[in-house]
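K.L.:
So here's data34.cif, just mmCIF, C-alpha atoms and all ligand atoms:
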data_start
#
loop_
_atom_site.label_atom_id
_atom_site.label_comp_id
_atom_site.auth_asym_id
_atom_site.auth_seq_id
_atom_site.Cartn_x
_atom_site.Cartn_y
_atom_site.Cartn_z
CA MET A 5 -0.94 30.62 7.11
CA LEU A 6 -1.61 27.06 8.21
CA LYS A 7 -2.37 24.94 5.17
CA THR A 8 -4.87 22.08 5.28
CA PHE A 9 -3.51 18.62 5.92
CA THR A 10 -4.53 15.07 6.72
CA PHE A 11 -2.67 13.02 9.29
CA ASN A 12 -3.20 9.28 9.34
CA LEU A 13 -1.85 6.50 11.55
CA PRO A 14 -3.79 3.32 10.77
CA THR A 15 -1.12 0.96 12.17
CA ARG A 16 -1.09 -0.07 15.85
CA ILE A 17 2.38 0.17 17.36
CA GLU A 18 3.67 -2.41 19.85
CA PHE A 19 7.13 -1.31 20.97
CA GLY A 20 9.48 -2.68 23.62
CA ASN A 21 12.34 -4.95 24.56
CA GLY A 22 11.22 -8.59 24.34
CA GLN A 23 7.95 -7.62 22.67
CA ILE A 24 8.45 -10.33 20.04
CA LYS A 25 7.25 -12.92 22.56
CA ASN A 26 3.70 -11.55 22.15
CA LEU A 27 3.62 -12.29 18.41
CA GLY A 28 1.43 -15.39 18.76
CA GLY A 29 -1.28 -13.35 20.48
CA TYR A 30 -1.23 -10.74 17.72
CA VAL A 31 -1.55 -13.44 15.03
CA ARG A 32 -4.53 -14.92 16.88
CA GLU A 33 -6.07 -11.46 17.15
CA LEU A 34 -5.95 -11.22 13.35
CA ASN A 35 -7.55 -14.70 13.08
CA GLY A 36 -4.45 -16.10 11.43
CA THR A 37 -4.51 -19.84 10.72
CA LYS A 38 -1.74 -20.02 8.10
CA ILE A 39 1.07 -17.49 8.25
CA MET A 40 3.68 -16.56 5.68
CA ILE A 41 6.89 -15.08 7.05
CA LEU A 42 8.55 -12.94 4.36
CA THR A 43 12.22 -12.40 5.03
CA ASP A 44 15.70 -12.74 3.56
CA LYS A 45 18.48 -15.27 3.89
CA GLY A 46 20.62 -12.96 6.04
CA ILE A 47 17.88 -12.62 8.66
CA ARG A 48 17.42 -16.37 8.55
CA ALA A 49 21.14 -16.96 9.10
CA SER A 50 21.12 -14.52 12.04
CA GLY A 51 18.74 -16.77 13.99
CA ILE A 52 15.95 -14.17 14.14
CA VAL A 53 13.63 -16.27 11.95
CA ASN A 54 14.05 -19.22 14.35
CA LYS A 55 13.17 -16.97 17.26
CA VAL A 56 9.92 -16.04 15.50
CA THR A 57 9.04 -19.59 14.40
CA ASP A 58 9.66 -20.90 17.97
CA ILE A 59 7.07 -18.43 19.21
CA LEU A 60 4.57 -19.46 16.51
CA GLU A 61 5.16 -23.16 17.24
CA GLN A 62 4.57 -22.63 20.96
CA LYS A 63 1.13 -21.26 20.02
CA GLU A 64 0.60 -24.08 17.48
CA ILE A 65 0.27 -21.61 14.62
CA ASN A 66 1.00 -22.99 11.13
CA TYR A 67 3.47 -21.05 9.02
CA ILE A 68 5.54 -21.10 5.88
CA ILE A 69 8.67 -19.09 5.17
CA TYR A 70 9.56 -17.19 1.99
CA ASP A 71 13.19 -16.08 2.32
CA ASN A 72 14.15 -15.21 -1.25
CA ILE A 73 13.87 -11.42 -0.82
CA LYS A 74 16.82 -9.32 -1.99
CA PRO A 75 17.76 -5.68 -1.34
CA ASN A 76 15.76 -3.29 -3.53
CA PRO A 77 12.90 -5.83 -3.68
CA ARG A 78 11.92 -7.10 -7.10
CA ASP A 79 8.60 -7.60 -8.83
CA GLN A 80 9.45 -11.23 -9.70
CA ASP A 81 10.00 -12.13 -6.04
CA CYS A 82 6.67 -10.52 -5.09
CA MET A 83 4.94 -12.71 -7.68
CA GLU A 84 6.79 -15.85 -6.59
CA ALA A 85 5.86 -15.27 -2.93
CA TYR A 86 2.26 -14.48 -3.94
CA PHE A 87 1.82 -17.75 -5.88
CA LEU A 88 3.18 -19.69 -2.91
CA ALA A 89 0.96 -17.82 -0.43
CA GLN A 90 -2.09 -18.40 -2.63
CA LYS A 91 -1.35 -22.11 -2.97
CA GLU A 92 -0.90 -22.45 0.80
CA HIS A 93 -4.05 -20.43 1.67
CA VAL A 94 -2.10 -17.92 3.75
CA ASP A 95 -4.35 -15.57 5.73
CA VAL A 96 -1.86 -13.44 7.72
CA LEU A 97 1.50 -12.11 6.52
CA ILE A 98 4.56 -11.26 8.59
CA GLY A 99 7.18 -8.95 7.06
CA LEU A 100 10.36 -9.69 9.03
CA GLY A 101 13.54 -7.78 8.20
CA GLY A 102 14.43 -4.47 6.63
CA GLY A 103 12.41 -2.41 4.18
CA SER A 104 12.74 -5.02 1.42
CA SER A 105 11.00 -7.74 3.45
CA MET A 106 8.27 -5.42 4.66
CA ASP A 107 7.65 -3.83 1.24
CA THR A 108 7.45 -7.28 -0.37
CA ALA A 109 5.00 -8.42 2.33
CA LYS A 110 2.81 -5.39 1.54
CA ALA A 111 2.93 -6.23 -2.18
CA VAL A 112 1.98 -9.87 -1.52
CA GLY A 113 -0.89 -8.64 0.68
CA VAL A 114 -2.11 -6.54 -2.25
CA LEU A 115 -1.88 -9.46 -4.67
CA LEU A 116 -3.69 -11.90 -2.36
CA THR A 117 -6.77 -9.68 -2.22
CA HIS A 118 -6.59 -8.04 -5.67
CA GLY A 119 -4.98 -10.67 -7.94
CA GLY A 120 -3.32 -9.78 -11.23
CA ASN A 121 0.28 -8.71 -11.63
CA ILE A 122 2.05 -6.43 -9.14
CA SER A 123 2.55 -3.86 -11.92
CA ASP A 124 -1.27 -3.50 -12.08
CA TRP A 125 -1.22 -1.88 -8.64
CA TYR A 126 1.54 0.72 -8.92
CA GLY A 127 0.10 4.18 -8.34
CA LEU A 128 -1.69 6.40 -5.87
CA ASN A 129 -4.80 5.12 -4.07
CA ILE A 130 -5.90 2.67 -6.75
CA LEU A 131 -6.49 -0.32 -4.45
CA ILE A 132 -10.12 -1.32 -4.14
CA GLN A 133 -10.18 -3.26 -0.87
CA PRO A 134 -8.09 -4.02 2.23
CA ILE A 135 -4.98 -6.17 1.85
CA THR A 136 -4.32 -9.42 3.74
CA PRO A 137 -3.66 -8.60 7.42
CA LEU A 138 0.01 -7.82 7.89
CA ILE A 139 2.33 -7.64 10.90
CA CYS A 140 5.64 -5.89 10.24
CA ILE A 141 8.65 -6.61 12.42
CA PRO A 142 11.65 -4.43 11.53
CA THR A 143 15.12 -5.80 12.22
CA THR A 144 16.83 -2.58 11.14
CA ALA A 145 16.33 0.96 12.42
CA GLY A 146 15.95 2.73 9.14
CA THR A 147 13.19 2.20 6.66
CA GLY A 148 10.07 3.05 8.63
CA SER A 149 8.19 0.67 6.34
CA GLU A 150 6.51 -0.88 9.39
CA ILE A 151 4.42 2.27 9.64
CA THR A 152 4.20 3.74 6.13
CA PHE A 153 1.53 3.37 3.47
CA PHE A 154 4.02 2.67 0.68
CA SER A 155 5.58 -0.33 -0.95
CA VAL A 156 8.55 0.41 -3.22
CA ILE A 157 9.22 -2.37 -5.73
CA THR A 158 11.88 -2.54 -8.45
CA ASP A 159 10.44 -3.19 -11.91
CA THR A 160 13.06 -5.56 -13.31
CA SER A 161 12.18 -4.80 -16.94
CA THR A 162 12.77 -1.04 -16.66
CA LYS A 163 15.07 -1.06 -13.58
CA LEU A 164 12.88 1.69 -12.14
CA LYS A 165 11.54 1.74 -8.63
CA MET A 166 7.76 1.73 -8.63
CA ASN A 167 5.43 2.66 -5.77
CA ILE A 168 2.19 1.39 -4.39
CA LEU A 169 0.90 4.38 -2.42
CA ASP A 170 -2.28 3.62 -0.52
CA TYR A 171 -3.48 3.74 3.10
CA ARG A 172 -4.67 0.18 2.61
CA VAL A 173 -1.10 -1.21 2.51
CA ALA A 174 -0.42 -0.02 6.07
CA PRO A 175 0.35 -2.99 8.35
CA LYS A 176 -2.25 -3.85 11.00
CA ILE A 177 0.47 -4.05 13.64
CA ALA A 178 4.04 -2.74 13.78
CA LEU A 179 5.90 -4.92 16.26
CA LEU A 180 9.16 -3.21 17.24
CA ASP A 181 11.54 -5.09 19.51
CA PRO A 182 14.92 -3.34 19.88
CA GLU A 183 16.54 -6.62 20.99
CA LEU A 184 16.10 -7.91 17.42
CA THR A 185 18.44 -5.17 16.17
CA LEU A 186 21.32 -5.96 18.58
CA THR A 187 23.16 -8.20 16.11
CA LEU A 188 22.88 -5.87 13.12
CA PRO A 189 26.40 -5.37 11.67
CA PRO A 190 27.93 -1.84 11.92
CA ALA A 191 27.78 -1.11 8.18
CA ILE A 192 24.06 -1.92 7.97
CA THR A 193 23.38 -0.05 11.21
CA ALA A 194 25.09 2.97 9.63
CA SER A 195 23.38 2.91 6.25
CA THR A 196 19.89 2.18 7.59
CA GLY A 197 20.35 4.81 10.30
CA MET A 198 21.33 7.38 7.67
CA ASP A 199 18.19 6.41 5.72
CA ALA A 200 16.10 7.14 8.83
CA LEU A 201 17.87 10.49 9.27
CA THR A 202 17.17 11.31 5.61
CA HIS A 203 13.48 10.47 6.13
CA ALA A 204 13.31 12.84 9.08
CA ILE A 205 15.14 15.70 7.32
CA GLU A 206 13.13 15.37 4.11
CA ALA A 207 9.84 15.03 6.05
CA TYR A 208 10.67 18.30 7.83
CA THR A 209 11.83 20.28 4.80
CA CYS A 210 9.62 18.99 1.97
CA ASN A 211 6.63 20.81 0.46
CA LEU A 212 4.07 18.60 2.22
CA SER A 213 5.40 19.15 5.74
CA GLU A 214 2.85 20.31 8.33
CA PRO A 215 2.98 20.97 12.09
CA ILE A 216 2.47 17.37 13.26
CA THR A 217 5.05 15.94 10.87
CA ASP A 218 7.42 18.80 11.79
CA ALA A 219 7.17 17.92 15.48
CA LEU A 220 7.78 14.23 14.79
CA ALA A 221 10.62 14.88 12.35
CA LEU A 222 12.49 17.20 14.72
CA TYR A 223 12.28 14.61 17.50
CA ALA A 224 13.48 11.91 15.10
CA ILE A 225 16.45 13.99 13.84
CA ASP A 226 17.52 14.73 17.40
CA VAL A 227 17.28 11.14 18.69
CA ILE A 228 19.01 9.69 15.61
CA ILE A 229 21.88 12.20 15.79
CA LYS A 230 22.40 11.41 19.49
CA ASN A 231 22.41 7.62 19.03
CA LEU A 232 23.61 6.66 15.55
CA SER A 233 27.37 6.61 16.18
CA GLU A 234 26.94 4.69 19.42
CA ALA A 235 24.70 2.10 17.74
CA VAL A 236 27.29 1.70 14.96
CA ASN A 237 30.34 1.49 17.24
CA ASN A 238 28.78 -0.36 20.15
CA GLY A 239 26.00 -2.45 18.67
CA GLY A 240 25.30 -4.19 21.97
CA ASN A 241 24.13 -0.95 23.60
CA LEU A 242 20.42 -1.71 23.95
CA GLU A 243 19.56 1.87 24.91
CA ALA A 244 21.12 3.22 21.69
CA ARG A 245 19.37 0.49 19.69
CA ARG A 246 16.04 1.32 21.34
CA ASN A 247 16.46 5.02 20.58
CA MET A 248 17.40 4.33 16.96
CA LEU A 249 14.37 2.09 16.48
CA ALA A 250 12.11 4.74 18.00
CA GLY A 251 13.77 7.39 15.81
CA SER A 252 13.29 5.42 12.60
CA LEU A 253 9.66 4.65 13.53
CA ILE A 254 8.88 8.29 14.27
CA ALA A 255 10.66 9.44 11.11
CA GLY A 256 8.49 6.89 9.26
CA ILE A 257 5.29 8.36 10.71
CA ALA A 258 6.53 11.82 9.70
CA PHE A 259 7.49 11.14 6.10
CA GLY A 260 4.55 8.76 5.66
CA ASN A 261 2.28 11.72 6.27
CA SER A 262 4.33 14.43 4.56
CA ASP A 263 6.80 13.02 2.03
CA VAL A 264 10.45 12.71 1.19
CA GLY A 265 12.17 14.83 -1.47
CA GLY A 266 15.10 15.09 -3.83
CA VAL A 267 17.46 12.80 -1.92
CA HIS A 268 15.07 9.88 -2.25
CA CYS A 269 14.28 10.75 -5.88
CA MET A 270 17.99 10.41 -6.70
CA ALA A 271 18.66 7.46 -4.37
CA GLU A 272 15.81 5.44 -5.84
CA ALA A 273 17.12 6.04 -9.36
CA LEU A 274 20.57 4.82 -8.22
CA GLY A 275 19.13 1.82 -6.39
CA GLY A 276 16.98 0.84 -9.36
CA LEU A 277 19.92 0.87 -11.79
CA TYR A 278 22.81 -0.40 -9.66
CA ASP A 279 21.21 -2.09 -6.63
CA THR A 280 23.04 0.43 -4.43
CA PRO A 281 21.85 -0.17 -0.84
CA HIS A 282 19.14 2.42 -0.23
CA GLY A 283 20.66 3.88 2.93
CA VAL A 284 24.11 4.20 1.34
CA ALA A 285 22.62 5.99 -1.68
CA ASN A 286 20.69 8.40 0.53
CA SER A 287 23.66 9.11 2.71
CA MET A 288 25.96 9.89 -0.25
CA LEU A 289 23.42 12.33 -1.71
CA LEU A 290 21.98 13.97 1.41
CA PRO A 291 24.59 16.74 1.94
CA TYR A 292 24.32 17.89 -1.69
CA VAL A 293 20.52 18.01 -1.87
CA PHE A 294 20.37 19.63 1.59
CA GLU A 295 22.76 22.36 0.37
CA TYR A 296 20.76 22.84 -2.85
CA ASN A 297 17.50 23.15 -0.89
CA ILE A 298 18.71 25.73 1.68
CA PRO A 299 17.28 28.74 -0.25
CA SER A 300 13.78 27.18 -0.14
CA ASN A 301 13.56 27.64 3.63
CA VAL A 302 16.69 28.94 5.34
CA GLU A 303 15.13 28.81 8.84
CA LYS A 304 14.17 25.15 8.61
CA HIS A 305 17.56 24.12 7.24
CA ALA A 306 19.24 26.12 10.03
CA MET A 307 17.06 24.31 12.56
CA VAL A 308 18.22 20.94 11.22
CA ALA A 309 21.83 22.16 11.28
CA LYS A 310 21.52 23.10 14.96
CA LEU A 311 20.28 19.60 15.75
CA LEU A 312 23.28 18.29 13.82
CA GLY A 313 25.49 20.18 16.26
CA VAL A 314 26.16 23.51 14.57
CA LEU A 315 26.69 26.24 17.18
CA PRO A 316 24.47 29.19 16.21
CA ILE A 317 25.98 32.09 18.21
CA GLY A 318 26.96 35.07 16.04
CA LYS A 319 25.91 33.40 12.79
CA THR A 320 23.11 34.06 10.32
CA ASN A 321 20.63 31.29 9.59
CA GLU A 322 22.23 30.89 6.18
CA GLU A 323 25.66 30.36 7.71
CA ILE A 324 24.23 27.89 10.21
CA ALA A 325 22.43 25.96 7.46
CA ASN A 326 25.60 25.83 5.34
CA GLU A 327 27.58 24.47 8.28
CA GLY A 328 24.90 21.77 8.49
CA VAL A 329 26.09 20.51 5.10
CA ILE A 330 29.55 19.94 6.57
CA LYS A 331 28.07 18.16 9.59
CA LEU A 332 26.15 15.79 7.30
CA ARG A 333 29.36 14.93 5.43
CA GLU A 334 31.23 14.43 8.69
CA LEU A 335 28.51 12.16 10.06
CA ALA A 336 28.54 9.97 6.93
CA ASN A 337 32.35 9.69 7.20
CA GLU A 338 32.21 8.97 10.91
CA VAL A 339 29.84 6.02 10.48
CA GLY A 340 31.82 4.66 7.51
CA ILE A 341 29.52 5.34 4.53
CA PRO A 342 31.51 4.87 1.29
CA LYS A 343 32.01 7.70 -1.20
CA MET A 344 30.08 7.49 -4.47
CA LYS A 345 33.34 7.39 -6.46
CA ASP A 346 34.44 4.32 -4.49
CA LEU A 347 31.44 2.30 -5.67
CA GLN A 348 32.89 0.65 -8.75
CA ASN A 349 29.67 0.17 -10.69
CA ILE A 350 28.51 3.81 -10.71
CA LYS A 351 29.31 5.48 -14.05
CA VAL A 352 29.13 9.17 -14.96
CA GLU A 353 27.78 8.13 -18.41
CA ASP A 354 24.60 6.98 -16.65
CA PHE A 355 23.95 10.29 -14.86
CA ASN A 356 21.71 11.63 -17.60
CA TYR A 357 19.48 8.55 -17.30
CA LEU A 358 19.58 8.75 -13.50
CA ALA A 359 18.67 12.45 -13.56
CA GLU A 360 15.69 11.66 -15.77
CA GLY A 361 14.67 8.90 -13.34
CA ALA A 362 14.88 11.34 -10.41
CA THR A 363 12.57 13.84 -12.14
CA GLN A 364 10.01 11.06 -12.75
CA ASN A 365 9.98 9.98 -9.10
CA VAL A 366 6.63 10.12 -7.35
CA SER A 367 8.14 12.45 -4.71
CA ALA A 368 9.78 14.86 -7.18
CA SER A 369 7.11 17.53 -6.68
CA SER A 370 7.61 17.39 -2.90
CA ASN A 371 11.20 18.63 -3.04
CA PRO A 372 11.05 22.15 -1.58
CA ARG A 373 13.05 23.71 -4.40
CA ILE A 374 12.17 23.21 -8.07
CA THR A 375 14.66 20.72 -9.44
CA THR A 376 15.02 20.18 -13.18
CA LYS A 377 16.70 17.23 -14.86
CA GLU A 378 19.77 19.45 -15.35
CA ASP A 379 19.78 20.28 -11.63
CA TYR A 380 19.63 16.59 -10.73
CA PHE A 381 22.45 15.90 -13.19
CA GLU A 382 24.59 18.58 -11.51
CA LEU A 383 23.79 17.14 -8.08
CA PHE A 384 24.86 13.65 -9.20
CA ILE A 385 28.13 15.12 -10.53
CA LYS A 386 28.75 17.04 -7.28
CA ALA A 387 28.06 13.97 -5.14
CA TYR A 388 30.32 11.85 -7.38
CA GLU A 389 33.15 14.39 -7.30
CA GLY A 390 32.64 14.87 -3.55
CA LYS A 391 32.64 18.67 -3.91
FE FE B 401 14.28 5.75 2.58
#
Take the structure in this file and express it as structure tokens.
P.N.:
Amino acid sequence: MLKTFTFNLPTRIEFGNGQIKNLGGYVRELNGTKIMILTDKGIRASGIVNKVTDILEQKEINYIIYDNIKPNPRDQDCMEAYFLAQKEHVDVLIGLGGGSSMDTAKAVGVLLTHGGNISDWYGLNILIQPITPLICIPTTAGTGSEITFFSVITDTSTKLKMNILDYRVAPKIALLDPELTLTLPPAITASTGMDALTHAIEAYTCNLSEPITDALALYAIDVIIKNLSEAVNNGGNLEARRNMLAGSLIAGIAFGNSDVGGVHCMAEALGGLYDTPHGVANSMLLPYVFEYNIPSNVEKHAMVAKLLGVLPIGKTNEEIANEGVIKLRELANEVGIPKMKDLQNIKVEDFNYLAEGATQNVSASSNPRITTKEDYFELFIKAYEGK
């Protein structure tokens, strides 16, 4: 029986090679007179920020830059950027970079129109008005934050990742220019690409999946699988970059409207405690949670496995799905994702705390199979041991 669902896409998408040159027009459309570009020092060093500021200067648009954003974006940086934006009377925000830049830009947009402390606005649909108009420009093909209604911020006092979940944080415009991703180093291409794949798989298999998100997620899985290795090994291949950016965007639309599941619950606990890059954490955990979840819907997991390259002839769906687990491990190896054991700072003694964190995650109830704290603990052990 078809369950009821709501599908929402409040963000306008502008996608294409060289599309960044139209940024000035989009800022004008939003009546921007003072812009804040939120980014990180790596993006600045890559020359992408200069490309953007040249375009703004050509249109005589005033801007300031906040480039102090770190991976797993922190509450303190949101507040620092907010105070600066408030002082400078910023009226349009640009999130330029990966998920951290875009999520911070969303948080600053919330603060500019709601005030208070960022911790006041963690939760589901508690915002009371629109946020400051926001244009998101992803420079990685992974997060999907340019299209989602979430901002994930690390609370530095508890080291937990907190969520602002509200349609109002959706950017006005997602500006996706594959040329901006051409210089992304292989390791970041790999980890962010595996994050996008995780979004698509969890969107498809989680409890809140529905027919539209299923269609989007299956397309995203397919296009990511066909292009990830090429984008990692031959970063200058614009076609592969374009396909990865489309894949991560479409996965973002899918999981934004359904949800993610156990992989993200565990990865966010890891990222909160150790600052593990989000895509690396997802990638290390994905095969184990996928395997655990197979009994919840064997057909769907077999479908994913077929897209991963498992040949189905003469096999049951269960066998196909189980071979999918191997394919996920092989893919992570192929694109050079490290093993959990190789990350020096991860300690087994912390797994109890991490398992508790995973159960408290906002997406915990969306995992398709009931997962207790003990189950999460076992999954952390399995991923750590590489079994
Ligand atoms: Fe993610």
K.L.:
Find the residue from A:Ser233, A:Ser155, A:Thr280, A:Thr136 that sits nearest to A:Gly36; use all atoms listed in the file when measuring.
P.N.:
A:Thr136
K.L.:
Choose the residue, out of A:Tyr223, A:Gly283, A:Asp107, A:Gly127, that has the smallest atom-to-atom separation from A:Ala200; count all atoms listed in the file.
P.N.:
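Of A:Tyr223, A:Gly283, A:Asp107, A:Gly127, the one nearest A:Ala200, counting all atoms listed in the file, is A:Gly283.
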K.L.:
Of the candidates A:Asp58, A:Asp79, A:Asp226, A:Asp199, which shows the shortest atom-to-atom distance to ligand FE 401 (chain B), using all atoms listed in the file?
P.N.:
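So, comparing all the options, the nearest one is A:Asp199.
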K.L.:
Quick one: distance from atom CA of A:Lys310 to atom CA of A:Lys230 in Å, one decimal?
P.N.:
12.6 Å
K.L.:
Counting only C-alpha atoms, give me one row per residue of stretch 174-280 of chain A with an atom at most 8 Å from an atom of stretch 322-339 of chain A, showing the shortest contact pair and its distance in Å to one decimal, sorted by chain then residue number, as CSV.
P.N.:
residue,atom,partner,partner_atom,distance
A:Ala191,CA,A:Val339,CA,7.8
A:Ala194,CA,A:Val339,CA,5.7
A:Met198,CA,A:Ala336,CA,7.7
A:Ser233,CA,A:Val339,CA,6.2
A:Val236,CA,A:Val339,CA,6.7
K.L.:
All residues within 12 Å of ligand FE 401 (chain B) are required, counting only C-alpha atoms and all ligand atoms; please report them as a ChimeraX atom specification.
P.N.:
/A:76,102-104,107,145-149,152,154-156,195-207,252-253,255-256,259-260,263-272,275,281-287,290,367
K.L.:
Have a look at atom CA of A:Gly361 and atom CA of A:Ile374 and let me know their distance in Å, one decimal.
P.N.:
15.5 Å
K.L.:
Check the smallest atom-to-atom distance from each of A:Pro137, A:Gly22, A:Gly318, A:Pro342 to A:Glu183 using all atoms listed in the file, then report the winner.
P.N.:
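Nearest to A:Glu183: A:Gly22.
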K.L.:
Enter the distance from atom CA of A:Asp44 to atom CA of A:Gln80, in Å, rounded to one decimal.
P.N.:
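About the pair atom CA of A:Asp44 and atom CA of A:Gln80: they are 14.7 Å apart.
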K.L.:
Restore N, CA and C atoms in stretch 362-379 of chain A and list the result as a tab-separated table (two decimals), keeping the file's coordinate frame.
P.N.:
chain	number	residue	atom	x	y	z
A	362	ALA	N	15.17	10.55	-11.61
A	362	ALA	CA	14.88	11.34	-10.41
A	362	ALA	C	13.71	12.28	-10.66
A	363	THR	N	13.67	12.89	-11.85
A	363	THR	CA	12.57	13.84	-12.14
A	363	THR	C	11.22	13.12	-12.23
A	364	GLN	N	11.26	11.83	-12.59
A	364	GLN	CA	10.01	11.06	-12.75
A	364	GLN	C	9.52	10.48	-11.43
A	365	ASN	N	10.33	10.61	-10.38
A	365	ASN	CA	9.98	9.98	-9.10
A	365	ASN	C	8.69	10.57	-8.56
A	366	VAL	N	7.94	9.72	-7.88
A	366	VAL	CA	6.63	10.12	-7.35
A	366	VAL	C	6.76	11.26	-6.32
A	367	SER	N	7.94	11.39	-5.71
A	367	SER	CA	8.14	12.45	-4.71
A	367	SER	C	8.80	13.70	-5.27
A	368	ALA	N	9.03	13.73	-6.59
A	368	ALA	CA	9.78	14.86	-7.18
A	368	ALA	C	9.11	16.20	-6.87
A	369	SER	N	7.79	16.25	-6.91
A	369	SER	CA	7.11	17.53	-6.68
A	369	SER	C	7.15	17.95	-5.21
A	370	SER	N	7.55	17.04	-4.33
A	370	SER	CA	7.61	17.39	-2.90
A	370	SER	C	8.93	18.05	-2.52
A	371	ASN	N	9.94	17.96	-3.40
A	371	ASN	CA	11.20	18.63	-3.04
A	371	ASN	C	10.93	20.13	-2.90
A	372	PRO	N	11.45	20.77	-1.85
A	372	PRO	CA	11.05	22.15	-1.58
A	372	PRO	C	11.58	23.17	-2.59
A	373	ARG	N	12.56	22.79	-3.37
A	373	ARG	CA	13.05	23.71	-4.40
A	373	ARG	C	12.85	23.04	-5.76
A	374	ILE	N	12.38	23.79	-6.74
A	374	ILE	CA	12.17	23.21	-8.07
A	374	ILE	C	13.49	22.65	-8.57
A	375	THR	N	13.44	21.42	-9.04
A	375	THR	CA	14.66	20.72	-9.44
A	375	THR	C	14.45	20.12	-10.82
A	376	THR	N	15.16	20.67	-11.80
A	376	THR	CA	15.02	20.18	-13.18
A	376	THR	C	15.94	18.98	-13.38
A	377	LYS	N	15.81	18.35	-14.52
A	377	LYS	CA	16.70	17.23	-14.86
A	377	LYS	C	18.16	17.69	-14.83
A	378	GLU	N	18.40	18.92	-15.33
A	378	GLU	CA	19.77	19.45	-15.35
A	378	GLU	C	20.28	19.65	-13.91
A	379	ASP	N	19.38	20.12	-13.04
A	379	ASP	CA	19.78	20.28	-11.63
A	379	ASP	C	20.15	18.93	-11.01
